[in-house]
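Participant: What follows is work09.txt, compact mmCIF, C-alpha atoms.
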# COMPACT_ATOMS: atom_id res chain seq x y z
CA MET A 1186 3.51 5.89 -42.09
CA HIS A 1187 5.34 2.59 -42.14
CA ALA A 1188 7.36 3.56 -39.03
CA MET A 1189 4.18 4.61 -37.22
CA THR A 1190 2.51 1.28 -38.05
CA LEU A 1191 5.54 -0.59 -36.70
CA GLN A 1192 5.44 1.49 -33.49
CA MET A 1193 1.74 0.75 -33.03
CA GLU A 1194 2.30 -2.96 -33.61
CA GLU A 1195 5.19 -2.98 -31.13
CA SER A 1196 3.10 -1.06 -28.59
CA THR A 1197 0.19 -3.52 -28.99
CA GLU A 1198 2.55 -6.47 -28.64
CA ARG A 1199 4.15 -5.03 -25.47
CA LYS A 1200 0.69 -4.32 -24.02
CA GLY A 1201 -0.23 -7.94 -24.71
CA ILE A 1202 2.89 -9.19 -22.96
CA THR A 1203 2.26 -6.90 -19.98
CA GLU A 1204 -1.30 -8.19 -19.64
CA LYS A 1205 0.05 -11.73 -19.84
CA LEU A 1206 2.53 -11.00 -17.03
CA VAL A 1207 -0.19 -9.48 -14.81
CA SER A 1208 -2.43 -12.46 -15.50
CA ALA A 1209 0.46 -14.84 -14.72
CA LEU A 1210 0.82 -13.29 -11.26
CA LYS A 1211 -2.82 -14.11 -10.55
CA THR A 1212 -2.97 -17.57 -12.08
CA GLY A 1213 0.31 -19.29 -11.17
CA GLY A 1214 2.22 -18.35 -14.30
CA PHE A 1215 5.34 -17.77 -12.20
CA VAL A 1216 7.30 -20.49 -10.39
CA LEU A 1217 9.89 -20.47 -7.63
CA TYR A 1218 13.35 -21.99 -7.85
CA SER A 1219 15.97 -22.15 -5.12
CA GLN A 1220 19.75 -22.35 -5.08
CA ARG A 1221 21.50 -23.69 -2.01
CA ILE A 1222 23.96 -21.46 -0.14
CA ALA A 1223 26.45 -23.68 1.70
CA GLN A 1224 27.96 -22.80 5.05
CA LEU A 1225 31.74 -23.25 4.89
CA ALA A 1226 32.54 -23.37 8.60
CA PRO A 1227 31.66 -26.70 10.21
CA GLU A 1228 28.69 -25.44 12.18
CA ASN A 1229 25.30 -27.08 12.26
CA ALA A 1230 23.40 -24.12 10.81
CA ARG A 1231 19.91 -24.16 9.35
CA PRO A 1232 19.63 -24.68 5.58
CA PHE A 1233 20.12 -21.49 3.54
CA GLN A 1234 18.98 -20.83 -0.04
CA GLU A 1235 18.38 -18.01 -2.49
CA VAL A 1236 14.87 -17.97 -3.90
CA LEU A 1237 14.59 -17.25 -7.62
CA VAL A 1238 11.44 -16.47 -9.60
CA ARG A 1239 10.83 -17.63 -13.16
CA PHE A 1240 8.08 -16.96 -15.66
CA LYS A 1241 6.69 -20.33 -16.85
CA GLU A 1242 6.61 -19.16 -20.44
CA GLU A 1243 10.40 -18.70 -20.32
CA GLU A 1244 10.75 -22.42 -19.63
CA GLU A 1245 8.23 -23.45 -22.26
CA LYS A 1246 9.91 -21.35 -24.96
CA LEU A 1247 13.44 -22.16 -23.68
CA LEU A 1248 14.20 -18.48 -23.09
CA PRO A 1249 17.00 -17.51 -20.69
CA PRO A 1250 15.88 -16.82 -17.08
CA GLY A 1251 14.94 -13.18 -16.53
CA SER A 1252 14.08 -12.38 -20.17
CA PHE A 1253 10.92 -10.62 -19.02
CA PHE A 1254 12.58 -8.80 -16.11
CA PRO A 1255 13.19 -5.53 -18.02
CA MET A 1256 9.53 -5.40 -19.00
CA LEU A 1257 8.40 -6.06 -15.43
CA GLN A 1258 10.69 -3.23 -14.38
CA GLU A 1259 9.52 -0.86 -17.10
CA TYR A 1260 5.86 -1.32 -16.23
CA ARG A 1261 6.48 -1.05 -12.48
CA LEU A 1262 5.28 -4.61 -11.90
CA LEU A 1263 8.22 -5.80 -9.77
CA PRO A 1264 6.58 -4.88 -6.42
CA TYR A 1265 3.73 -7.25 -7.34
CA VAL A 1266 6.23 -9.98 -8.22
CA ASP A 1267 8.12 -9.46 -4.94
CA ARG A 1268 4.88 -9.71 -2.96
CA TRP A 1269 3.95 -12.86 -4.87
CA VAL A 1270 7.35 -14.41 -4.05
CA VAL A 1271 6.98 -13.73 -0.31
CA GLY A 1272 3.41 -15.05 -0.27
CA ARG A 1273 4.19 -18.18 -2.31
CA LEU A 1274 7.27 -18.92 -0.22
CA ALA A 1275 5.26 -18.62 3.01
CA THR A 1276 2.64 -21.02 1.62
CA TRP A 1277 5.37 -23.52 0.63
CA ILE A 1278 6.79 -23.37 4.18
CA GLU A 1279 3.34 -23.82 5.75
CA GLU A 1280 2.63 -26.84 3.55
CA ALA A 1281 6.00 -28.44 4.34
CA ARG A 1282 5.54 -27.94 8.09
CA ALA A 1283 2.01 -29.36 7.97
CA LYS A 1284 3.43 -32.59 6.52
CA LYS A 1285 6.43 -32.67 8.90
CA PRO A 1286 6.17 -30.40 11.97
CA ASP A 1287 9.87 -30.82 12.88
CA TRP A 1288 11.04 -29.86 9.36
CA PRO A 1289 13.90 -27.32 9.65
CA VAL A 1290 12.63 -24.14 7.96
CA PRO A 1291 15.41 -22.79 5.73
CA ALA A 1292 16.66 -19.22 5.63
CA ASN A 1293 15.56 -17.74 2.30
CA GLY A 1294 17.30 -15.00 0.35
CA VAL A 1295 14.57 -13.01 -1.43
CA ASN A 1296 15.58 -10.38 -3.99
CA LEU A 1297 13.97 -6.95 -3.66
CA SER A 1298 13.59 -4.45 -6.48
CA GLU A 1299 14.18 -0.72 -6.01
CA ASP A 1300 10.48 -0.09 -6.69
CA THR A 1301 9.52 -2.49 -3.88
CA LEU A 1302 11.92 -0.79 -1.50
CA ARG A 1303 10.07 2.49 -2.12
CA GLU A 1304 6.62 0.89 -1.89
CA PRO A 1305 5.20 2.09 1.45
CA LYS A 1306 2.91 -0.87 2.16
CA PHE A 1307 5.33 -3.69 1.36
CA ALA A 1308 6.67 -3.90 4.92
CA ASP A 1309 3.12 -4.21 6.31
CA PHE A 1310 2.43 -7.02 3.85
CA VAL A 1311 5.59 -8.88 4.99
CA LEU A 1312 4.74 -8.40 8.68
CA LYS A 1313 1.23 -9.81 8.14
CA THR A 1314 2.66 -12.76 6.19
CA ILE A 1315 5.19 -13.56 8.95
CA GLN A 1316 2.42 -13.45 11.54
CA SER A 1317 -0.18 -15.46 9.63
CA SER A 1318 2.32 -18.13 8.49
CA LYS A 1319 4.19 -18.14 11.84
CA LEU A 1320 7.55 -17.85 10.10
CA PRO A 1321 10.53 -18.38 12.45
CA GLU A 1322 13.08 -15.62 12.95
CA GLY A 1323 15.59 -15.38 10.09
CA THR A 1324 13.34 -17.10 7.53
CA LEU A 1325 13.27 -14.07 5.21
CA ILE A 1326 16.57 -12.48 4.16
CA PHE A 1327 15.93 -9.62 1.76
CA GLU A 1328 18.66 -9.07 -0.83
CA LEU A 1329 19.46 -5.83 -2.64
CA GLY A 1330 22.06 -5.04 -5.26
CA TRP A 1331 24.80 -2.64 -4.18
CA ASP A 1332 23.84 0.17 -6.56
CA ALA A 1333 20.17 -0.07 -5.62
CA ALA A 1334 21.09 0.18 -1.93
CA LEU A 1335 23.35 3.19 -2.53
CA LEU A 1336 20.59 5.03 -4.38
CA ASN A 1337 17.97 4.16 -1.77
CA ALA A 1338 19.75 4.30 1.59
CA ASP A 1339 16.86 6.05 3.37
CA PRO A 1340 14.10 3.70 2.15
CA LEU A 1341 16.40 0.77 2.96
CA LYS A 1342 16.96 1.98 6.53
CA SER A 1343 13.22 2.56 6.88
CA ILE A 1344 12.27 -0.96 5.77
CA GLN A 1345 15.00 -2.44 7.98
CA ALA A 1346 13.59 -0.57 10.98
CA GLN A 1347 10.19 -2.10 10.30
CA LEU A 1348 11.23 -5.66 9.44
CA LYS A 1349 14.35 -6.45 11.49
CA PRO A 1350 12.39 -6.57 14.78
CA ALA A 1351 10.13 -9.18 13.12
CA GLY A 1352 13.14 -11.41 12.43
CA CYS A 1353 13.98 -10.39 8.85
CA ARG A 1354 17.59 -10.10 7.75
CA PHE A 1355 19.25 -8.15 4.90
CA THR A 1356 21.94 -8.90 2.31
CA LEU A 1357 23.79 -6.46 0.05
CA ALA A 1358 25.06 -8.10 -3.15
CA GLY A 1359 27.98 -6.92 -5.29
CA PHE A 1360 30.28 -5.87 -2.44
CA ASP A 1361 33.77 -4.92 -3.69
CA GLY A 1362 35.47 -4.21 -0.35
CA SER A 1363 36.64 -0.70 -1.24
CA GLU A 1364 37.14 1.79 1.58
CA GLY A 1365 34.05 3.77 0.65
CA SER A 1366 31.95 0.60 0.60
CA PHE A 1367 32.81 -0.14 4.25
CA ASN A 1368 31.65 3.37 5.18
CA PHE A 1369 28.31 2.58 3.57
CA LEU A 1370 28.07 -0.73 5.48
CA LYS A 1371 28.33 1.27 8.72
CA ILE A 1372 25.28 3.27 7.65
CA VAL A 1373 22.97 0.46 6.50
CA LYS A 1374 24.30 -2.40 8.69
CA PRO A 1375 23.34 -5.45 6.59
CA ASP A 1376 23.54 -8.97 8.04
CA PHE A 1377 25.30 -10.42 4.98
CA VAL A 1378 27.29 -9.17 2.00
CA LYS A 1379 27.87 -11.02 -1.27
CA LEU A 1380 31.33 -10.53 -2.74
CA THR A 1381 31.62 -9.36 -6.34
CA TYR A 1382 32.42 -11.89 -9.03
CA GLY A 1383 35.68 -10.01 -9.67
CA ILE A 1384 36.97 -11.04 -6.24
CA VAL A 1385 35.68 -14.63 -6.29
CA LYS A 1386 36.81 -15.66 -9.78
CA ASP A 1387 40.54 -15.21 -9.08
CA ILE A 1388 40.63 -16.82 -5.63
CA GLY A 1389 43.06 -19.72 -5.76
CA ARG A 1390 44.76 -18.39 -8.90
CA ALA A 1391 46.00 -15.03 -7.67
CA LEU A 1392 47.37 -14.43 -4.18
CA ALA A 1393 46.08 -10.83 -4.23
CA ALA A 1394 42.49 -12.06 -4.71
CA SER A 1395 42.76 -14.49 -1.78
CA GLU A 1396 44.29 -11.82 0.43
CA LYS A 1397 41.57 -9.36 -0.55
CA ALA A 1398 38.80 -11.87 0.25
CA GLU A 1399 40.45 -12.62 3.61
CA SER A 1400 40.82 -8.92 4.48
CA ILE A 1401 37.19 -8.16 3.51
CA THR A 1402 35.92 -11.09 5.55
CA GLN A 1403 37.91 -10.06 8.64
CA LYS A 1404 36.60 -6.48 8.43
CA CYS A 1405 33.02 -7.70 7.92
CA HIS A 1406 33.28 -10.11 10.86
CA ALA A 1407 34.49 -7.24 13.06
CA MET A 1408 31.24 -5.44 12.09
CA GLY A 1409 29.08 -8.52 12.76
CA ILE A 1410 28.47 -9.12 9.03
CA LYS A 1411 28.79 -12.52 7.33
CA THR A 1412 30.23 -12.96 3.83
CA ILE A 1413 28.85 -14.96 0.91
CA ALA A 1414 30.81 -15.81 -2.24
CA GLU A 1415 28.65 -16.19 -5.37
CA TYR A 1416 29.50 -17.83 -8.73
CA VAL A 1417 31.64 -20.53 -7.11
CA GLU A 1418 32.22 -23.08 -9.84
CA THR A 1419 35.27 -25.16 -8.83
CA ARG A 1420 36.26 -27.18 -5.78
CA GLU A 1421 39.58 -25.33 -5.72
CA VAL A 1422 37.84 -21.96 -5.23
CA LEU A 1423 35.56 -23.53 -2.60
CA GLU A 1424 38.55 -24.75 -0.57
CA HIS A 1425 40.33 -21.38 -0.80
CA LEU A 1426 37.15 -19.63 0.40
CA ARG A 1427 37.12 -21.96 3.39
CA LEU A 1428 40.78 -21.17 4.13
CA VAL A 1429 40.21 -17.39 4.15
CA GLU A 1430 37.11 -17.91 6.35
CA VAL A 1431 34.41 -16.67 3.98
CA ASP A 1432 31.19 -17.82 5.65
CA PHE A 1433 29.07 -19.10 2.76
CA ALA A 1434 29.41 -20.19 -0.87
CA GLN A 1435 26.86 -20.23 -3.68
CA GLY A 1436 27.32 -21.49 -7.22
CA LEU A 1437 27.18 -24.50 -9.50
CA ILE A 1438 29.80 -26.47 -7.53
CA VAL A 1439 27.46 -26.20 -4.50
CA SER A 1440 24.14 -26.65 -6.29
CA ALA A 1441 22.34 -25.67 -9.48
CA PRO A 1442 18.94 -23.92 -9.10
CA GLN A 1443 16.14 -26.42 -8.38
CA ARG A 1444 12.37 -26.10 -8.76
CA LEU A 1445 10.88 -25.15 -5.39
CA ALA A 1446 7.20 -24.36 -5.77
As structure tokens, what does this structure read like?
Facilitator:
Amino acid sequence: MHAMTLQMEESTERKGITEKLVSALKTGGFVLYSQRIAQLAPENARPFQEVLVRFKEEEEKLLPPGSFFPMLQEYRLLPYVDRWVVGRLATWIEEARAKKPDWPVPANGVNLSEDTLREPKFADFVLKTIQSSKLPEGTLIFELGWDAALLNADPLKSIQAQLKPAGCRFTLAGFDGSEGSFNFLKIVKPDFVKLTYGIVKDIGRALAASEKAESITQKCHAMGIKTIAEYVETREVLEHLRLVEVDFAQGLIVSAPQRLA
């Protein structure tokens, strides 16, 4: 009886949290942050950032970012969050351009969940948003984790077919540069790949890591794909990435996440 009571209490509590999350999507309970992605070659490219979503209550209760992510996933709420991110980002861009028409619109990395990838009407929503907000080509760069892409190659190719002609780009994160992984790149043809932390962390300390990063970057460039190194935390690693011609760097040495909208 005691166990059953505990289960009921836990179920009620989870239902309450779920309702709170749904309500937050409707009433501004989520906020956007951004983290700059720096171009390493000396080209005058447009600003580039990854867009991150946070639940306001996480900040108020000093919880780590993403504490509620598993619950959003469990209750199949991530497609609603991903739509909210795209819509809020488009509004932020419209507002910024209204104040300063010549403002350079950044490229924005937007994370997609597996559920969103399989959601048939998401692409239509994005196309309407691009049209109504007049977003320039390359403004939205949808990012997927490597495992999620592997498990959903067909839905990924389908959404690419719908959104690439409208100027959207795609990133695969967690790329390890193995032979099999390059075969998969040929199938899904992303615009960017993010190198795994395992490769980035040893650059500058181990010759093998630098050589691996250089080899991966050369192969990706031959396929028309640009490379991004995440979790870059020291100037030494940043300089080595530049030497081996990795295209972009992201991490605390570049910029910490900042409140966006």
Participant: Write out as an NGL selection string the residues lying within 7 Å of segment 1279-1296 of chain A, counting all atoms listed in the file and excluding same-chain residues fewer than 5 positions away.
Facilitator: :A and (1231-1236 or 1318 or 1323-1329)
Participant: Could the residues of segment 1280-1371 of chain A that have an atom at most 9 Å from segment 1404-1420 of chain A be listed as CSV, each with its closest atom pair and the distance in Å to one decimal, counting only C-alpha atoms and ordered by chain and ascending residue number?
Facilitator:
residue,atom,partner,partner_atom,distance
A:Ala1358,CA,A:Ile1413,CA,8.8
A:Phe1367,CA,A:Cys1405,CA,8.4
A:Leu1370,CA,A:Met1408,CA,8.7
A:Lys1371,CA,A:Met1408,CA,8.1
Participant: Using atom CA of Val1207 of chain A and atom CA of Thr1314 of chain A as the two end points, give the distance in Å to one decimal.
Facilitator: 21.4 Å
Participant: Atom CA of Ala1346 of chain A and atom CA of Gln1316 of chain A are how many Å apart?
Facilitator: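 We find that atom CA of Ala1346 of chain A and atom CA of Gln1316 of chain A lie 17.1 Å from each other.
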Participant: Calculated over only C-alpha atoms, which of the candidates A:Phe1377, A:Trp1269, A:Tyr1260, A:Trp1277 has the smallest distance to Ala1209 of chain A?
Facilitator: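 The shortest atom-to-atom distance to Ala1209 of chain A comes from A:Trp1269.
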Participant: Find the spatial neighbours of Ser1363 of chain A, counting all atoms listed in the file, within a cut-off of 12 Å - ignore same-chain residues fewer than 2 positions away - and output them as JSON, numbers by chain.
Facilitator: {"A": [1359, 1360, 1361, 1365, 1366, 1367, 1368, 1369, 1370, 1380, 1381, 1384, 1397, 1398, 1400, 1401, 1404]}
Participant: Rank A:Arg1221, A:Arg1427, A:Lys1374, A:Lys1379 by their smallest atom-to-atom distance to Ser1395 of chain A, using only C-alpha atoms, and report the top residue only.
Facilitator: A:Arg1427
